[in-house]
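Visitor: Starting off with a structure, shown below.
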Amino acid sequence: MVVPRPIGWISSLASDGSVNLAPYSFFNAMASNPHYVLFGSGGYKHSVANIEATGEFVCNLATWDLRKEMNMTSAPVKEGVDEMRLAGLTPAPSTMVKPPRVKESPAALECVYTQTVRLPGHEGKDGDMIVIGKVVGIYIDDAFIRDGLVDTAAMQPIARCGYMDYAVISELFAMRRPTEAEALAAADA
């Protein structure tokens, strides 16, 4: 019922230099100064192992145009399989970290790993884990900058809605946050 959830399309590097790319729908941004992102992993997967070993990762924006490629990278393949190549994607160099970003993606957040929080599981078993990273670099395709602002709707990011269901953002609306005086006046009306 927590929907839609943004997708953290996480690229990382294994110790042998192979690229790992996997989508995580338990993902979000936390904090603004500095920016942090986090994603939840159901078990100790390749992404978590790579990030803990290298200290870096990239969150790529999964979009409507890249939905099939994003889904392909969710396949449970063996360690060392390059999911970018598997999905027909192009690695592009990052500016602040070693893992590449997805060239076809209109936006990416370059991150330095800060910590893993291991959640308790049921009946004393190991649970899921949350990986947290500090954003140290941001890539945005200039084609999606309008009047100095990011045109999110034009990027058409996709989000997970549970089960096998997804949603696409194609329309936005704006609301100005009320002042304290406006909120109090509305409550008294």
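Identifiers in this document derive from the order of the structure tokens: chains are assigned A, B, ..., residues are numbered from 1 separately in each chain, and ligands are numbered from 1 in order of occurrence.
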Could you list, as a list in words, every residue within 6 Å of range 118-129 of chain A, counting only C-alpha atoms and ignoring same-chain residues fewer than 3 positions away?
Guide: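 Selected residues are Gly40, Ser41, Gly42 and Gly43 of chain A.
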Visitor: Here is a test: counting only C-alpha atoms, which residue of A:Ala62, A:Cys161, A:Val19, A:Val77 is nearest to Ile7 in chain A?
Guide: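 Closest to Ile7 in chain A, using only C-alpha atoms: A:Ala62.
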Visitor: Considering only C-alpha atoms, return as a list in words whatever protein or nucleic-acid residues lie within 7 Å of range 166-170 of chain A, sequence-local ones (same chain, fewer than 4 positions apart) excluded.
Guide: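 Skipping anything fewer than 4 positions along the chain leaves Pro4, Trp64, Ala153, Ala154, Gln156, Pro157, Ile158, Ala159, Arg160 and Cys161 of chain A.
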Visitor: Just list as an NGL selection string whatever in range 2-186 of chain A DSSP marks as strand (DSSP E or B).
Guide: :A and (5-6 or 8-13 or 19-24 or 27-32 or 35-41 or 56-61 or 63 or 91-92 or 101-102 or 107-120 or 126-140 or 145-146 or 149-150 or 157-162 or 165-168)
Visitor: Find the residue from A:Val136, A:Ala186, A:Val2, A:Leu61 that sits nearest to Arg101 in chain A; use only C-alpha atoms when measuring.
Guide: A:Leu61
Visitor: When distances are computed from only C-alpha atoms, which of A:Val3, A:Met30, A:Val117, A:Leu184 shows the smallest separation from Val131 in chain A?
Guide: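 Looking at the shortest contact to Val131 in chain A, the residue is A:Val117.
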Visitor: Pick from A:Met70, A:Ile132, A:Ala87, A:Ala107: nearest to Asp151 in chain A, with only C-alpha atoms counted?
Guide: A:Ala107
Visitor: Determine the nearest neighbour of Ala75 in chain A from the options A:Leu21, A:Cys59, A:Ile138, A:Leu149, counting only C-alpha atoms.
Guide: A:Leu21
Visitor: Find the residue from A:Phe144, A:Ser18, A:Asp188, A:Glu182 that sits nearest to Arg85 in chain A; use only C-alpha atoms when measuring.
Guide: A:Ser18
Visitor: At a cut-off of 12 Å, using only C-alpha atoms, what residues contact range 79-81 of chain A? Leave out same-chain residues fewer than 6 positions from it and give the result as a compact mmCIF listing (two decimals) with N, CA, C and O atoms, in the first residue's frame.
Guide:
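Contents of the output file part31.txt:
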# COMPACT_ATOMS: atom_id res chain seq x y z
N SER A 12 26.84 -0.87 -9.71
CA SER A 12 28.00 -1.02 -8.84
C SER A 12 29.05 -1.84 -9.58
O SER A 12 28.77 -2.41 -10.63
N LEU A 13 30.24 -1.89 -9.00
CA LEU A 13 31.32 -2.67 -9.60
C LEU A 13 31.72 -3.78 -8.66
O LEU A 13 31.90 -3.56 -7.46
N ALA A 14 31.89 -4.98 -9.22
CA ALA A 14 32.42 -6.11 -8.45
C ALA A 14 33.94 -5.96 -8.35
O ALA A 14 34.55 -5.17 -9.08
N SER A 15 34.54 -6.72 -7.49
CA SER A 15 35.99 -6.63 -7.30
C SER A 15 36.75 -6.98 -8.57
O SER A 15 37.87 -6.51 -8.78
N ASP A 16 36.15 -7.80 -9.47
CA ASP A 16 36.81 -8.14 -10.73
C ASP A 16 36.56 -7.09 -11.82
O ASP A 16 36.99 -7.25 -12.96
N GLY A 17 35.84 -6.00 -11.48
CA GLY A 17 35.58 -4.92 -12.43
C GLY A 17 34.31 -5.09 -13.23
O GLY A 17 33.95 -4.20 -14.01
N SER A 18 33.60 -6.21 -13.05
CA SER A 18 32.35 -6.39 -13.80
C SER A 18 31.26 -5.48 -13.24
O SER A 18 31.24 -5.18 -12.05
N VAL A 19 30.37 -5.03 -14.13
CA VAL A 19 29.31 -4.11 -13.76
C VAL A 19 28.08 -4.88 -13.30
O VAL A 19 27.65 -5.83 -13.95
N ASN A 20 27.55 -4.48 -12.18
CA ASN A 20 26.29 -5.03 -11.68
C ASN A 20 25.24 -3.93 -11.78
O ASN A 20 25.52 -2.78 -11.42
N LEU A 21 24.06 -4.26 -12.26
CA LEU A 21 22.97 -3.30 -12.37
C LEU A 21 21.68 -4.00 -11.96
O LEU A 21 21.33 -5.03 -12.53
N ALA A 22 21.01 -3.46 -10.94
CA ALA A 22 19.81 -4.11 -10.43
C ALA A 22 18.81 -3.06 -9.94
O ALA A 22 19.19 -2.06 -9.33
N LYS A 45 22.63 -9.43 -1.56
CA LYS A 45 22.75 -9.61 -3.01
C LYS A 45 24.06 -9.02 -3.53
O LYS A 45 24.80 -8.36 -2.79
N HIS A 46 24.32 -9.22 -4.81
CA HIS A 46 25.56 -8.74 -5.42
C HIS A 46 25.74 -7.25 -5.23
O HIS A 46 26.86 -6.80 -4.96
N SER A 47 24.67 -6.47 -5.38
CA SER A 47 24.78 -5.02 -5.22
C SER A 47 25.32 -4.66 -3.84
O SER A 47 26.23 -3.84 -3.71
N ALA A 49 27.02 -6.54 -1.67
CA ALA A 49 28.40 -7.00 -1.53
C ALA A 49 29.37 -6.06 -2.26
O ALA A 49 30.41 -5.67 -1.71
N ASN A 50 29.02 -5.67 -3.48
CA ASN A 50 29.88 -4.78 -4.26
C ASN A 50 30.04 -3.42 -3.59
O ASN A 50 31.14 -2.88 -3.50
N THR A 73 17.23 -6.39 -16.03
CA THR A 73 18.29 -6.36 -15.02
C THR A 73 17.83 -6.89 -13.66
O THR A 73 18.64 -6.99 -12.74
N ALA A 87 21.24 -6.35 -20.76
CA ALA A 87 20.05 -5.59 -21.13
C ALA A 87 20.27 -4.69 -22.34
O ALA A 87 19.35 -3.96 -22.74
Visitor: In Å, with one decimal, what is the gap from CA of Thr95 in chain A to CA of Asn33 in chain A?
Guide: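 CA of Asn33 in chain A lies 20.0 Å from CA of Thr95 in chain A.
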Visitor: Just give me the gap between CA of Glu83 in chain A and CA of Arg67 in chain A in Å, one decimal is fine.
Guide: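 Pair CA of Glu83 in chain A / CA of Arg67 in chain A returns 14.2 Å.
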Visitor: From range 4-174 of chain A, collect each residue whose DSSP state is helix (DSSP H, G or I) and return the set as number ranges by chain.
Guide: A: 46-54, 64-72, 83-86, 122-124, 142-144, 152-155
Visitor: Store the residues of this selection in a file with C-alpha atoms, as a PDB file, in the first residue's frame.
Guide:
ATOM      1  CA  HIS A  46      25.559  -8.740  -5.422  1.00  0.00           C
ATOM      2  CA  SER A  47      24.781  -5.016  -5.216  1.00  0.00           C
ATOM      3  CA  VAL A  48      25.183  -4.965  -1.442  1.00  0.00           C
ATOM      4  CA  ALA A  49      28.404  -6.996  -1.526  1.00  0.00           C
ATOM      5  CA  ASN A  50      29.882  -4.779  -4.264  1.00  0.00           C
ATOM      6  CA  ILE A  51      28.948  -1.539  -2.532  1.00  0.00           C
ATOM      7  CA  GLU A  52      30.309  -2.642   0.829  1.00  0.00           C
ATOM      8  CA  ALA A  53      33.561  -3.764  -0.840  1.00  0.00           C
ATOM      9  CA  THR A  54      34.114  -0.712  -3.073  1.00  0.00           C
ATOM     10  CA  TRP A  64       9.130   4.402 -19.406  1.00  0.00           C
ATOM     11  CA  ASP A  65      11.518   4.153 -22.364  1.00  0.00           C
ATOM     12  CA  LEU A  66      13.839   1.894 -20.317  1.00  0.00           C
ATOM     13  CA  ARG A  67      11.191  -0.280 -18.641  1.00  0.00           C
ATOM     14  CA  LYS A  68      12.094  -3.471 -20.546  1.00  0.00           C
ATOM     15  CA  GLU A  69      15.802  -3.020 -19.866  1.00  0.00           C
ATOM     16  CA  MET A  70      15.119  -2.280 -16.186  1.00  0.00           C
ATOM     17  CA  ASN A  71      13.065  -5.456 -15.923  1.00  0.00           C
ATOM     18  CA  MET A  72      15.787  -7.497 -17.653  1.00  0.00           C
ATOM     19  CA  GLU A  83      23.646  -6.779 -16.427  1.00  0.00           C
ATOM     20  CA  MET A  84      24.195  -3.603 -18.448  1.00  0.00           C
ATOM     21  CA  ARG A  85      25.412  -5.655 -21.381  1.00  0.00           C
ATOM     22  CA  LEU A  86      22.742  -8.290 -20.761  1.00  0.00           C
ATOM     23  CA  HIS A 122      11.401 -13.193  11.991  1.00  0.00           C
ATOM     24  CA  GLU A 123      12.237 -15.593  14.801  1.00  0.00           C
ATOM     25  CA  GLY A 124      15.873 -14.534  15.077  1.00  0.00           C
ATOM     26  CA  ASP A 142      20.317  18.783 -20.547  1.00  0.00           C
ATOM     27  CA  ALA A 143      17.346  17.869 -22.771  1.00  0.00           C
ATOM     28  CA  PHE A 144      15.236  17.684 -19.598  1.00  0.00           C
ATOM     29  CA  THR A 152      10.428  15.334 -14.349  1.00  0.00           C
ATOM     30  CA  ALA A 153       7.250  14.556 -16.284  1.00  0.00           C
ATOM     31  CA  ALA A 154       9.164  14.655 -19.580  1.00  0.00           C
ATOM     32  CA  MET A 155      11.569  12.003 -18.237  1.00  0.00           C
TER      33      MET A 155
END
